[in-house]
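Below: the structure, in structure tokens.
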Protein chains: 4
Amino acid sequence: MSDILRRGRLELVPDKEIMEYTTSLKADRWIFDADILVDFAHTVMLTEQGIIKRSASESILKGLMQIRDEGIDQLDNSYEDIHIALEARLIELVGEDIGGRMHSGRSRNDEVATCIRLRLREELLGIMEDLLHLRAVLLDIADKNRDTIMPGFTHLQHAQPTTMGHHMMAHQQAFGRDFERVMDCFARVNRSPLGAAAFASTGFAINRERTRELLGFNEIIENSMDAVSSRDFLIETASVIACIMVNLTRIAEELVLWSSKEFSFIELSDQYASTSSIMPQKKNPDTAELLRGKSGVATGNLMALLTICKGLPLSYNRDLQEATPLIWNSIQTCRTSLRITAGMLASMKINENVLAEQSTTGFTTATELADTLVRECDIPFRTAHQIVGQLARMEGVPTFADIERVGKDILGESLIERGLSEQMLKEALDPMLNVKRRNTTGGPNPDEISNSIMRIKKQLSAEEEKVTNIRQSIDRALNNLMQTVDKYTGN
Amino acid sequence: MSDILRRGRLELVPDKEIMEYTTSLKADRWIFDADILVDFAHTVMLTEQGIIKRSASESILKGLMQIRDEGIDQLDNSYEDIHIALEARLIELVGEDIGGRMHSGRSRNDEVATCIRLRLREELLGIMEDLLHLRAVLLDIADKNRDTIMPGFTHLQHAQPTTMGHHMMAHQQAFGRDFERVMDCFARVNRSPLGAAAFASTGFAINRERTRELLGFNEIIENSMDAVSSRDFLIETASVIACIMVNLTRIAEELVLWSSKEFSFIELSDQYASTSSIMPQKKNPDTAELLRGKSGVATGNLMALLTICKGLPLSYNRDLQEATPLIWNSIQTCRTSLRITAGMLASMKINENVLAEQSTTGFTTATELADTLVRECDIPFRTAHQIVGQLARMEGVPTFADIERVGKDILGESLIERGLSEQMLKEALDPMLNVKRRNTTGGPNPDEISNSIMRIKKQLSAEEEKVTNIRQSIDRALNNLMQTVDKYTGN
Amino acid sequence: MSDILRRGRLELVPDKEIMEYTTSLKADRWIFDADILVDFAHTVMLTEQGIIKRSASESILKGLMQIRDEGIDQLDNSYEDIHIALEARLIELVGEDIGGRMHSGRSRNDEVATCIRLRLREELLGIMEDLLHLRAVLLDIADKNRDTIMPGFTHLQHAQPTTMGHHMMAHQQAFGRDFERVMDCFARVNRSPLGAAAFASTGFAINRERTRELLGFNEIIENSMDAVSSRDFLIETASVIACIMVNLTRIAEELVLWSSKEFSFIELSDQYASTSSIMPQKKNPDTAELLRGKSGVATGNLMALLTICKGLPLSYNRDLQEATPLIWNSIQTCRTSLRITAGMLASMKINENVLAEQSTTGFTTATELADTLVRECDIPFRTAHQIVGQLARMEGVPTFADIERVGKDILGESLIERGLSEQMLKEALDPMLNVKRRNTTGGPNPDEISNSIMRIKKQLSAEEEKVTNIRQSIDRALNNLMQTVDKYTGN
Amino acid sequence: MSDILRRGRLELVPDKEIMEYTTSLKADRWIFDADILVDFAHTVMLTEQGIIKRSASESILKGLMQIRDEGIDQLDNSYEDIHIALEARLIELVGEDIGGRMHSGRSRNDEVATCIRLRLREELLGIMEDLLHLRAVLLDIADKNRDTIMPGFTHLQHAQPTTMGHHMMAHQQAFGRDFERVMDCFARVNRSPLGAAAFASTGFAINRERTRELLGFNEIIENSMDAVSSRDFLIETASVIACIMVNLTRIAEELVLWSSKEFSFIELSDQYASTSSIMPQKKNPDTAELLRGKSGVATGNLMALLTICKGLPLSYNRDLQEATPLIWNSIQTCRTSLRITAGMLASMKINENVLAEQSTTGFTTATELADTLVRECDIPFRTAHQIVGQLARMEGVPTFADIERVGKDILGESLIERGLSEQMLKEALDPMLNVKRRNTTGGPNPDEISNSIMRIKKQLSAEEEKVTNIRQSIDRALNNLMQTVDKYTGN
């Protein structure tokens, strides 16, 4: 029996079904590059600390370079995970007397946690960039549609007139919070568990601070038992993604609704539509539906993660192996969904005429009419609400005479005598004037939207810069690591 | 543009990222065989109904045979799903004038629902067989351990003595209910939606009863709109699997606990264990931990399915495409988990000495002692409970004198005078006598366990027969279908 | 310290916060009546078996009667659960020497499981009745709307014409499967765990079959360890309810959509609507939205149950106490939701004119046109699909000349020469003729809908009878129990 | 019909069942105080902006004061929510002509969102304090147990020796991250949606910045549509709580395990234990089990929230009403669980002798032995791992001779000749020396634990100060609001 791990302690070898049940090699594709980096950093540190000799170090690093170049497909896939497959290959290349020293002072427990975090931080930066892109698209549509009047909805009922610009800015703002959450999450992911070994750290005189620096982590996860046992950083990531996906379903739902014959607010690009195998006239918003459906996958992954982590005693338990593939699945779902959504939105055609026409159906100006009665006739809002509510029961838009009559019924007084004029009524019923009057911070008034866009653009720039700075700082660290490796190997 | 579906209605082609986002081809591997069967049955029926000519039918069926032989990997994977990829390949083989007729009177909506049900019913039968096997293993262990005394637990505290046989029978019974649930679920899966077309059935004079018969379904799903829109059969399947997996976690948890140094109740076979990359003495119950963790995957898939189906208006929506891969994942997780569990249990070594020794620590015989006081001294159970509770606060097992003293304190009377003897005490404290006295139906008394095993064995046989009968009935239908195809193609 | 349970073994008393954290008394309101029934049955059986004397039995039963009359609010709420609060009250009434005997041969573990099942089976019968009622309402609407033409949807796009009757029958059919599931679940709930005691059954010569009979259970849950440890019957109940709720969200979503200004398919009764605090014209479909939202509660409860049960070793663990309130919450949510939905549907106004007008917009007759080309001109379906797809790209409904021209372009032949006439086109474009032609089993053809309604009505009657029979059989058992109690107490 | 809301627009009144289905009054108890504060702030701002007159304002504020003093139970509970019940009571007190003006320029949509955030920020501060307290308890136990040797576990197998101090610090660190997450979440909760009105802001010249200041919010949620439609702050809160609860289950699981007869690592205080109704000797860790179970409730609530928010189009939908009670439930569960856990830990008795005895069983020193071979004999780690793995297969702790023999077998060389001495072996097998050698940052070495405790204490102080500063800043704002109210009302 040649398995470099099992040969010592265990006799029987798992059969194929058990092997497939227990291996993590499939999901480990995500961390192949990260694992090599961790091996580089650990080997450099071991050498610097005098735990392995410079000459051994040179061979190990050269071997790792070769393995990296060969790629993951050259590894023996009968091993239970990538770490041991990689070590086995290294020993094959440079001999056990040298290759067998690389794992000094560490364990797969801290190794895998470090690999996951390395790859995950990369993906979180990617999500941040995808979010920034989507928000830029939303801002752009908002900018072009500051004056595109449309009905605003509550309870899917026409409520008050608003603009497509205002509507798009609402989604932008939600994704702004999602960005904040990813950034907060990133801070907790970008920490180094390396050196925690199996859970009790190690008796070798390793230097955790040095591997942290070489891998570009922000800080170390101090307590070694926690460092290998905790997957709350995965739960947090999955939560943040589930939240993003739920926010995306709201857009997806609207795109589906708005593409319907009944709404006809927009037309999606053919790229994002499909037709029917039987109904040749169909143009279906399939991509938006899939987007909506994929939120289920993200929610399911989060629930799976919470279930897996529930009730595990310290420290590392193998259950955690099931956690990692879920996170890669969520990451991939989220990132493609963000990009697809940006594409769908950027390429859709907005039917401005339909929106304008619908903006007043359903007596959407009723609130402004009630407010006008309050402002101009000095009656309480609740009474104005009753008067206009009564008017709303009638067919069509109320006339000046209607208002006066109902006003008298309810108030016992003439609204005209209290100051109401036909001009006031006309203005109250004009959807654009409605929108313009709503110039409070964050309201739909087109100038206010312009202001808001300017503010958000600044915010986006600042956030972009933050992401870039983080990327650069990581790149610097990894470049430094590679230069050190090159120095050792004489490249 | 050559896409046989899109060429009519749509101009722009999705780019690669959109294509990957929207395609179902990866998950469709599960239904390739089923799709061919559905095509066979539909084509035979269309021919019988005179909707397509016998000669066209012959070409189509031959083409399908060839496609089946070529396998799924020969299909053009740029199509959005297997149905259209397969139809495109057919048209390539036999020309559009003939191949273009196969899809008459149906839609991908009823087609895919039929395919999923065909494959799923096969897998449900497989789960039933896996459950029967696991239950047989549990029965076998129970049979061999009718007299293996062990501590029974509540709240993970030693409670009363029981036997390993009694314990294994508890798990068996739970999986018995799981079997019932899979069988109930099967009845709802084994129904034919074929003929529902897009959702409104079809104006072609098709015969739904005939395709039902050819595919071996038990009944048809009558209303055509429901037939294509509903995925509650997937929700039910995922629920049943989640429940099985939760039941498996209870075994997994016990295997992990029992393998610990502190319990040492069992030793798992090396096959199901792994060692550590750093701690060479370790023998870890990894497979049991993974089993426990995989329940999270099943729970997550159920939650994903519920999320996907929530709030979808009738009839078919593309969101449902996301539902299917989840079910295949749950199926695979469940089936391998059942088999792995059976293997782990069958190969584990039970440490009878440890179990026997532990069976009385923690004063597990206290209940029997209290019951003895009730029976022999005619005092109320609640008072006996108080007396023995008081005794339990002391170190070690109470002596006869202890009991008499505490009894007097609480009762104000001599228990000896009320009939208690040292012999009674001795018997009450004997774990095997404890177990033997518990000869109520379903209790741990070894003879009762024997009876129970006999009853369950009969039940297992009956259930095995049911599964076999179902399999045979399906096989008969599909054989008949293939004979008809052979007749048409002159094979 | 007077706590009849703790006084023996434990010294310190929990403080108020711990008490509130651990008590189940709030949720136990659901099982107060059930608990009294279980006490009745257990006491009667103990007496019949000679375990307690007839005279003691008489006092106990009288005491229980008094407690039942006093109601749950009279119990001392400082106890940790209803079982011990009730026993304490009994001892207060009849003295410990008698009242302290009632708990012989059982434990709270089997007691609480029996209570939950007693109440739950009642509620499951209630759900079945609520489902039957909702289905009757759907049938009734379908019956009145067999000829109410409307656009049928896939992907929320107009697809083909159908009828409101066909649409309502789709929902009916889904709830029919839900009914089956509740019935299957009921069979597993209606089993008696009583006599399992703490988990190891008991050394008292109890008669499990007798208490089963007295409480009207269908069978006993044999293995005593499983009987107290398993809550898969709660998981199954919660799953079935989650599925019902998801099916209800589909109706809720449609009611919200259909109430929108854009759809205007229906108007909900004012009873089920609300207005806005600020927008006086609003009539919001709040009840339908709440219905949709409440599905989240049912899904959440299922998730909670799965989490709670995951990884629990045998036998009883206190975690399970958290499971029960979730089920009562799901039950209540489900039952009120079913009744509210029935009320909303029964009272809504269907706007037949709007439906009729919309039934052909979006070229919903395209499929029939393609099918006509297939049938009348003998061209392959896939080619007809392409021709009609091309026509669908144009504005408006295609003319006879359009068809001929596009047909020639694609086919290279004249469709007229292949047999197409203007009359055929006219018929293909008529929505009512479209519907009438779809007379396959389960299709929208009004006569087929009539047939279907007749079939379902028979099915409903049969199912109603089943429920009634179950109710009667339970009532007989409980009446018999009460008569026995009366006999013992001399009432 | 007198309902001040419905009287205008709607005729029919909901019956009792519909009322109960739709009302939020039960959950609104949580926001009664918050609602009064919002009314205060809104009224003050309206007055300052000249929208209502100072005299009206005085009456309104006095009315609100009276309502606050009367308490929520005095409100008419037939209204659909607290906002309208409160406004109705106000109108009752001061007349519609005055009371009817309070709702000018706002809607229940922004009102309820503001109320939820006000109460939630208070509760989040409470959770932070509860977390700080729990962490202080963990630090305290760690401090007292820096030298309490115990076996460290991976896979629930003895792995390497560690200390109880190291173990407790691991949990502390996890809750440290939870604290960070609550703080991050707080920043997103503490934002003001007030002034967004129904979703489109308002035509009244309100001042959103002023109400923000009066209510002590950190910033405003700018876009008015997003402000009323988004509940991602609830999803985030529920996620953070679910994560805390999962971390708590890990402690709960350990407390249950450690209380078992087999482990006997600790004894819980009687306060947190219960006994059995039938087994008088039992002392069950019920509170820990309930803690473990309650995590299910938190997970379920998160799932429910995600389900509710999925697929909702903008802006406000009534589904969101179902979201709020879930958050209060999660909050309550989390806060009591944190306090209960702190109490359980602080009062438990640690069995140091058992821990010490167990610390070397299972050959926990094997890693140190392998490391010793690496360091002293300069052999590769992987080879040392194999040698010690081979030794671990034997019974008992290996002797010096065993090592030499196995070393020779595997290495082909004498370990003694390579430098191994008996003293080295003795040291490698000493658990305390094992622990002391692990003096890497975050390792179990007692001095390193002391350093770590000092670092964390500083961190806790800094975090406590942050929470205090936030509380003070909010208190200042609310005091200022009340002073303004007093000024207006002449108090």
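Identifiers for the structure tokens are assigned positionally: chains receive A, B, ... in sequence, residues are indexed from 1 per chain, and ligands are indexed from 1 in the order shown.
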
**OP:** Quick one: pick out all alpha helix (DSSP H) residues within range 132-212 of chain A from a backbone DSSP run and write them as a ChimeraX atom specification.
**Re:** /A:132-144,164-189,208-212

**OP:** Determine, counting only C-alpha atoms, which protein, DNA and RNA residues have an atom within 6 Å of an atom of Gln160 in chain C; residues of the same chain fewer than 4 positions away are not included. Present the result as a PyMOL selection string.
**Re:** chain C and resi 152+364-365

**OP:** Could you give me the residues within range 233-478 of chain B that DSSP places in strand (DSSP E or B), as a VMD selection string?
**Re:** chain B and resid 266 to 267 274 284 349 to 350

Those residues with N, CA and C atoms, as a PDB file, in the first residue's frame please?
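Generated file (out_33.pdb):
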```
ATOM      1  N   ILE B 266     -17.668   1.145  19.647  1.00  0.00           N
ATOM      2  CA  ILE B 266     -17.464   0.416  18.392  1.00  0.00           C
ATOM      3  C   ILE B 266     -16.109   0.781  17.803  1.00  0.00           C
ATOM      4  N   GLU B 267     -15.686  -0.011  16.819  1.00  0.00           N
ATOM      5  CA  GLU B 267     -14.582   0.421  15.964  1.00  0.00           C
ATOM      6  C   GLU B 267     -15.010   0.257  14.517  1.00  0.00           C
ATOM      7  N   SER B 274     -10.180   7.505   8.070  1.00  0.00           N
ATOM      8  CA  SER B 274      -8.984   8.082   7.471  1.00  0.00           C
ATOM      9  C   SER B 274      -8.056   8.468   8.599  1.00  0.00           C
ATOM     10  N   ASN B 284      -9.832   8.403  12.073  1.00  0.00           N
ATOM     11  CA  ASN B 284     -10.986   9.293  12.114  1.00  0.00           C
ATOM     12  C   ASN B 284     -12.195   8.687  11.413  1.00  0.00           C
ATOM     13  N   LYS B 349     -17.092  -3.072  14.303  1.00  0.00           N
ATOM     14  CA  LYS B 349     -16.874  -4.025  15.381  1.00  0.00           C
ATOM     15  C   LYS B 349     -17.509  -3.459  16.641  1.00  0.00           C
ATOM     16  N   ILE B 350     -18.376  -4.246  17.271  1.00  0.00           N
ATOM     17  CA  ILE B 350     -19.045  -3.780  18.492  1.00  0.00           C
ATOM     18  C   ILE B 350     -18.253  -4.257  19.710  1.00  0.00           C
TER      19      ILE B 350
END
```

Near chain A, meaning an atom within 6 Å, which residues of chain D appear when counting only C-alpha atoms? Write them as a tab-separated table (two decimals) with N, CA and C atoms, in the first residue's frame.
```tsv
chain	number	residue	atom	x	y	z
D	8	GLY	N	-63.22	55.88	2.99
D	8	GLY	CA	-63.26	56.58	1.70
D	8	GLY	C	-63.47	55.62	0.55
D	9	ARG	N	-62.60	54.62	0.46
D	9	ARG	CA	-62.48	53.85	-0.77
D	9	ARG	C	-63.25	52.55	-0.79
D	97	ASP	N	-59.91	67.45	12.90
D	97	ASP	CA	-59.37	68.66	12.29
D	97	ASP	C	-57.91	68.88	12.69
D	100	GLY	N	-56.02	64.75	12.32
D	100	GLY	CA	-55.98	64.33	10.93
D	100	GLY	C	-54.84	64.94	10.15
D	101	ARG	N	-54.10	65.84	10.79
D	101	ARG	CA	-52.99	66.50	10.08
D	101	ARG	C	-51.63	65.82	10.32
D	104	SER	N	-49.67	64.04	7.44
D	104	SER	CA	-49.26	64.79	6.23
D	104	SER	C	-47.82	64.47	5.88
D	153	PHE	N	-9.43	17.77	20.32
D	153	PHE	CA	-10.10	16.85	19.40
D	153	PHE	C	-10.07	17.34	17.96
D	154	THR	N	-9.89	16.40	17.04
D	154	THR	CA	-10.38	16.61	15.68
D	154	THR	C	-11.18	15.37	15.35
D	155	HIS	N	-12.27	15.52	14.60
D	155	HIS	CA	-13.14	14.37	14.27
D	155	HIS	C	-13.63	13.68	15.54
D	170	ALA	N	-10.95	29.72	21.76
D	170	ALA	CA	-11.43	29.46	20.39
D	170	ALA	C	-12.87	29.95	20.25
D	200	ALA	N	-42.64	57.53	-3.10
D	200	ALA	CA	-42.25	58.57	-4.06
D	200	ALA	C	-41.90	59.86	-3.35
D	201	SER	N	-41.60	59.76	-2.07
D	201	SER	CA	-41.46	60.93	-1.20
D	201	SER	C	-42.75	61.73	-1.28
D	202	THR	N	-42.70	63.02	-1.10
D	202	THR	CA	-43.94	63.78	-0.96
D	202	THR	C	-43.78	65.17	-1.54
D	203	GLY	N	-44.90	65.78	-1.87
D	203	GLY	CA	-44.89	67.16	-2.36
D	203	GLY	C	-44.85	68.17	-1.24
D	222	GLU	N	-31.43	57.31	1.07
D	222	GLU	CA	-31.79	58.37	0.15
D	222	GLU	C	-32.98	58.03	-0.76
D	223	ASN	N	-32.79	57.11	-1.68
D	223	ASN	CA	-33.85	56.84	-2.65
D	223	ASN	C	-35.12	56.40	-1.95
D	224	SER	N	-36.21	57.10	-2.21
D	224	SER	CA	-37.42	56.89	-1.42
D	224	SER	C	-38.11	55.58	-1.76
D	225	MET	N	-37.94	55.10	-2.98
D	225	MET	CA	-38.58	53.85	-3.38
D	225	MET	C	-37.89	52.68	-2.67
D	226	ASP	N	-36.59	52.69	-2.70
D	226	ASP	CA	-35.83	51.67	-1.99
D	226	ASP	C	-36.10	51.72	-0.49
D	246	VAL	N	-25.58	29.27	15.39
D	246	VAL	CA	-24.79	28.10	15.00
D	246	VAL	C	-23.52	28.02	15.85
D	249	THR	N	-24.48	26.59	19.05
D	249	THR	CA	-24.75	25.14	19.05
D	249	THR	C	-23.46	24.34	19.26
D	250	ARG	N	-22.35	24.93	18.86
D	250	ARG	CA	-21.08	24.20	19.02
D	250	ARG	C	-20.75	24.08	20.51
D	253	GLU	N	-23.39	21.62	21.98
D	253	GLU	CA	-23.02	20.24	21.68
D	253	GLU	C	-21.93	19.76	22.64
D	254	GLU	N	-20.94	20.61	22.85
D	254	GLU	CA	-19.86	20.23	23.76
D	254	GLU	C	-20.36	20.07	25.19
D	310	LYS	N	-38.23	37.04	-1.79
D	310	LYS	CA	-37.93	36.59	-3.15
D	310	LYS	C	-38.99	37.04	-4.15
D	311	GLY	N	-38.53	37.66	-5.22
D	311	GLY	CA	-39.40	37.92	-6.35
D	311	GLY	C	-40.43	39.02	-6.17
D	312	LEU	N	-40.24	39.88	-5.17
D	312	LEU	CA	-41.19	40.99	-5.00
D	312	LEU	C	-40.79	42.16	-5.88
D	313	PRO	N	-41.70	42.60	-6.74
D	313	PRO	CA	-41.41	43.81	-7.53
D	313	PRO	C	-41.47	45.03	-6.61
D	315	SER	N	-42.84	48.76	-5.42
D	315	SER	CA	-42.09	49.07	-4.21
D	315	SER	C	-42.69	48.27	-3.06
D	316	TYR	N	-43.39	48.87	-2.11
D	316	TYR	CA	-43.88	48.12	-0.95
D	316	TYR	C	-44.92	47.08	-1.35
D	317	ASN	N	-44.78	45.89	-0.77
D	317	ASN	CA	-45.81	44.85	-0.89
D	317	ASN	C	-46.15	44.36	0.50
D	380	PRO	N	12.59	13.38	7.16
D	380	PRO	CA	11.46	14.17	6.64
D	380	PRO	C	10.20	13.91	7.47
D	381	PHE	N	9.34	14.92	7.53
D	381	PHE	CA	8.13	14.78	8.32
D	381	PHE	C	7.29	13.61	7.85
D	382	ARG	N	7.17	13.45	6.53
D	382	ARG	CA	6.30	12.40	6.02
D	382	ARG	C	6.78	11.02	6.45
D	386	GLN	N	5.00	8.27	9.06
D	386	GLN	CA	4.80	6.85	8.80
D	386	GLN	C	5.27	6.00	9.96
D	389	GLY	N	2.85	6.45	12.79
D	389	GLY	CA	1.58	5.80	12.42
D	389	GLY	C	1.66	4.30	12.67
D	390	GLN	N	2.79	3.73	12.31
D	390	GLN	CA	3.00	2.30	12.53
D	390	GLN	C	2.97	1.97	14.04
D	437	ARG	N	5.39	23.57	24.28
D	437	ARG	CA	6.13	23.77	23.03
D	437	ARG	C	5.31	24.48	21.96
D	438	ARG	N	4.01	24.42	22.08
D	438	ARG	CA	3.13	25.07	21.09
D	438	ARG	C	2.92	26.53	21.47
D	442	GLY	N	-1.27	32.25	19.12
D	442	GLY	CA	-2.56	31.57	19.07
D	442	GLY	C	-2.51	30.12	19.49
D	443	GLY	N	-1.33	29.64	19.91
D	443	GLY	CA	-1.21	28.26	20.35
D	443	GLY	C	-1.57	28.10	21.83
```

**OP:** Determine, counting only C-alpha atoms, which protein, DNA and RNA residues have an atom within 12 Å of an atom of range 19-27 of chain C; residues of the same chain fewer than 5 positions away are not included. Present the result as a PyMOL selection string.
**Re:** (chain C and resi 13-14+32+72-73+75-86+112+116+318-329) or (chain D and resi 271-274+285-291+293-294+332-341)

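The spacing separating CA of Asp130 in chain D from CA of Leu460 in chain D amounts to 12.2 Å.
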
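For the pair CA of Ser277 in chain A and CA of Glu111 in chain B, the separation is 10.6 Å.
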
Original post:
By how many Å are CA of Ala142 in chain D and CA of Leu124 in chain D apart?
Top reply: 26.5 Å

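You can rank C:Leu305, C:Leu268, C:Ala356, C:Leu120 by their closest distance to Met432 in chain C using only C-alpha atoms, and at the top of that list sits C:Ala356.
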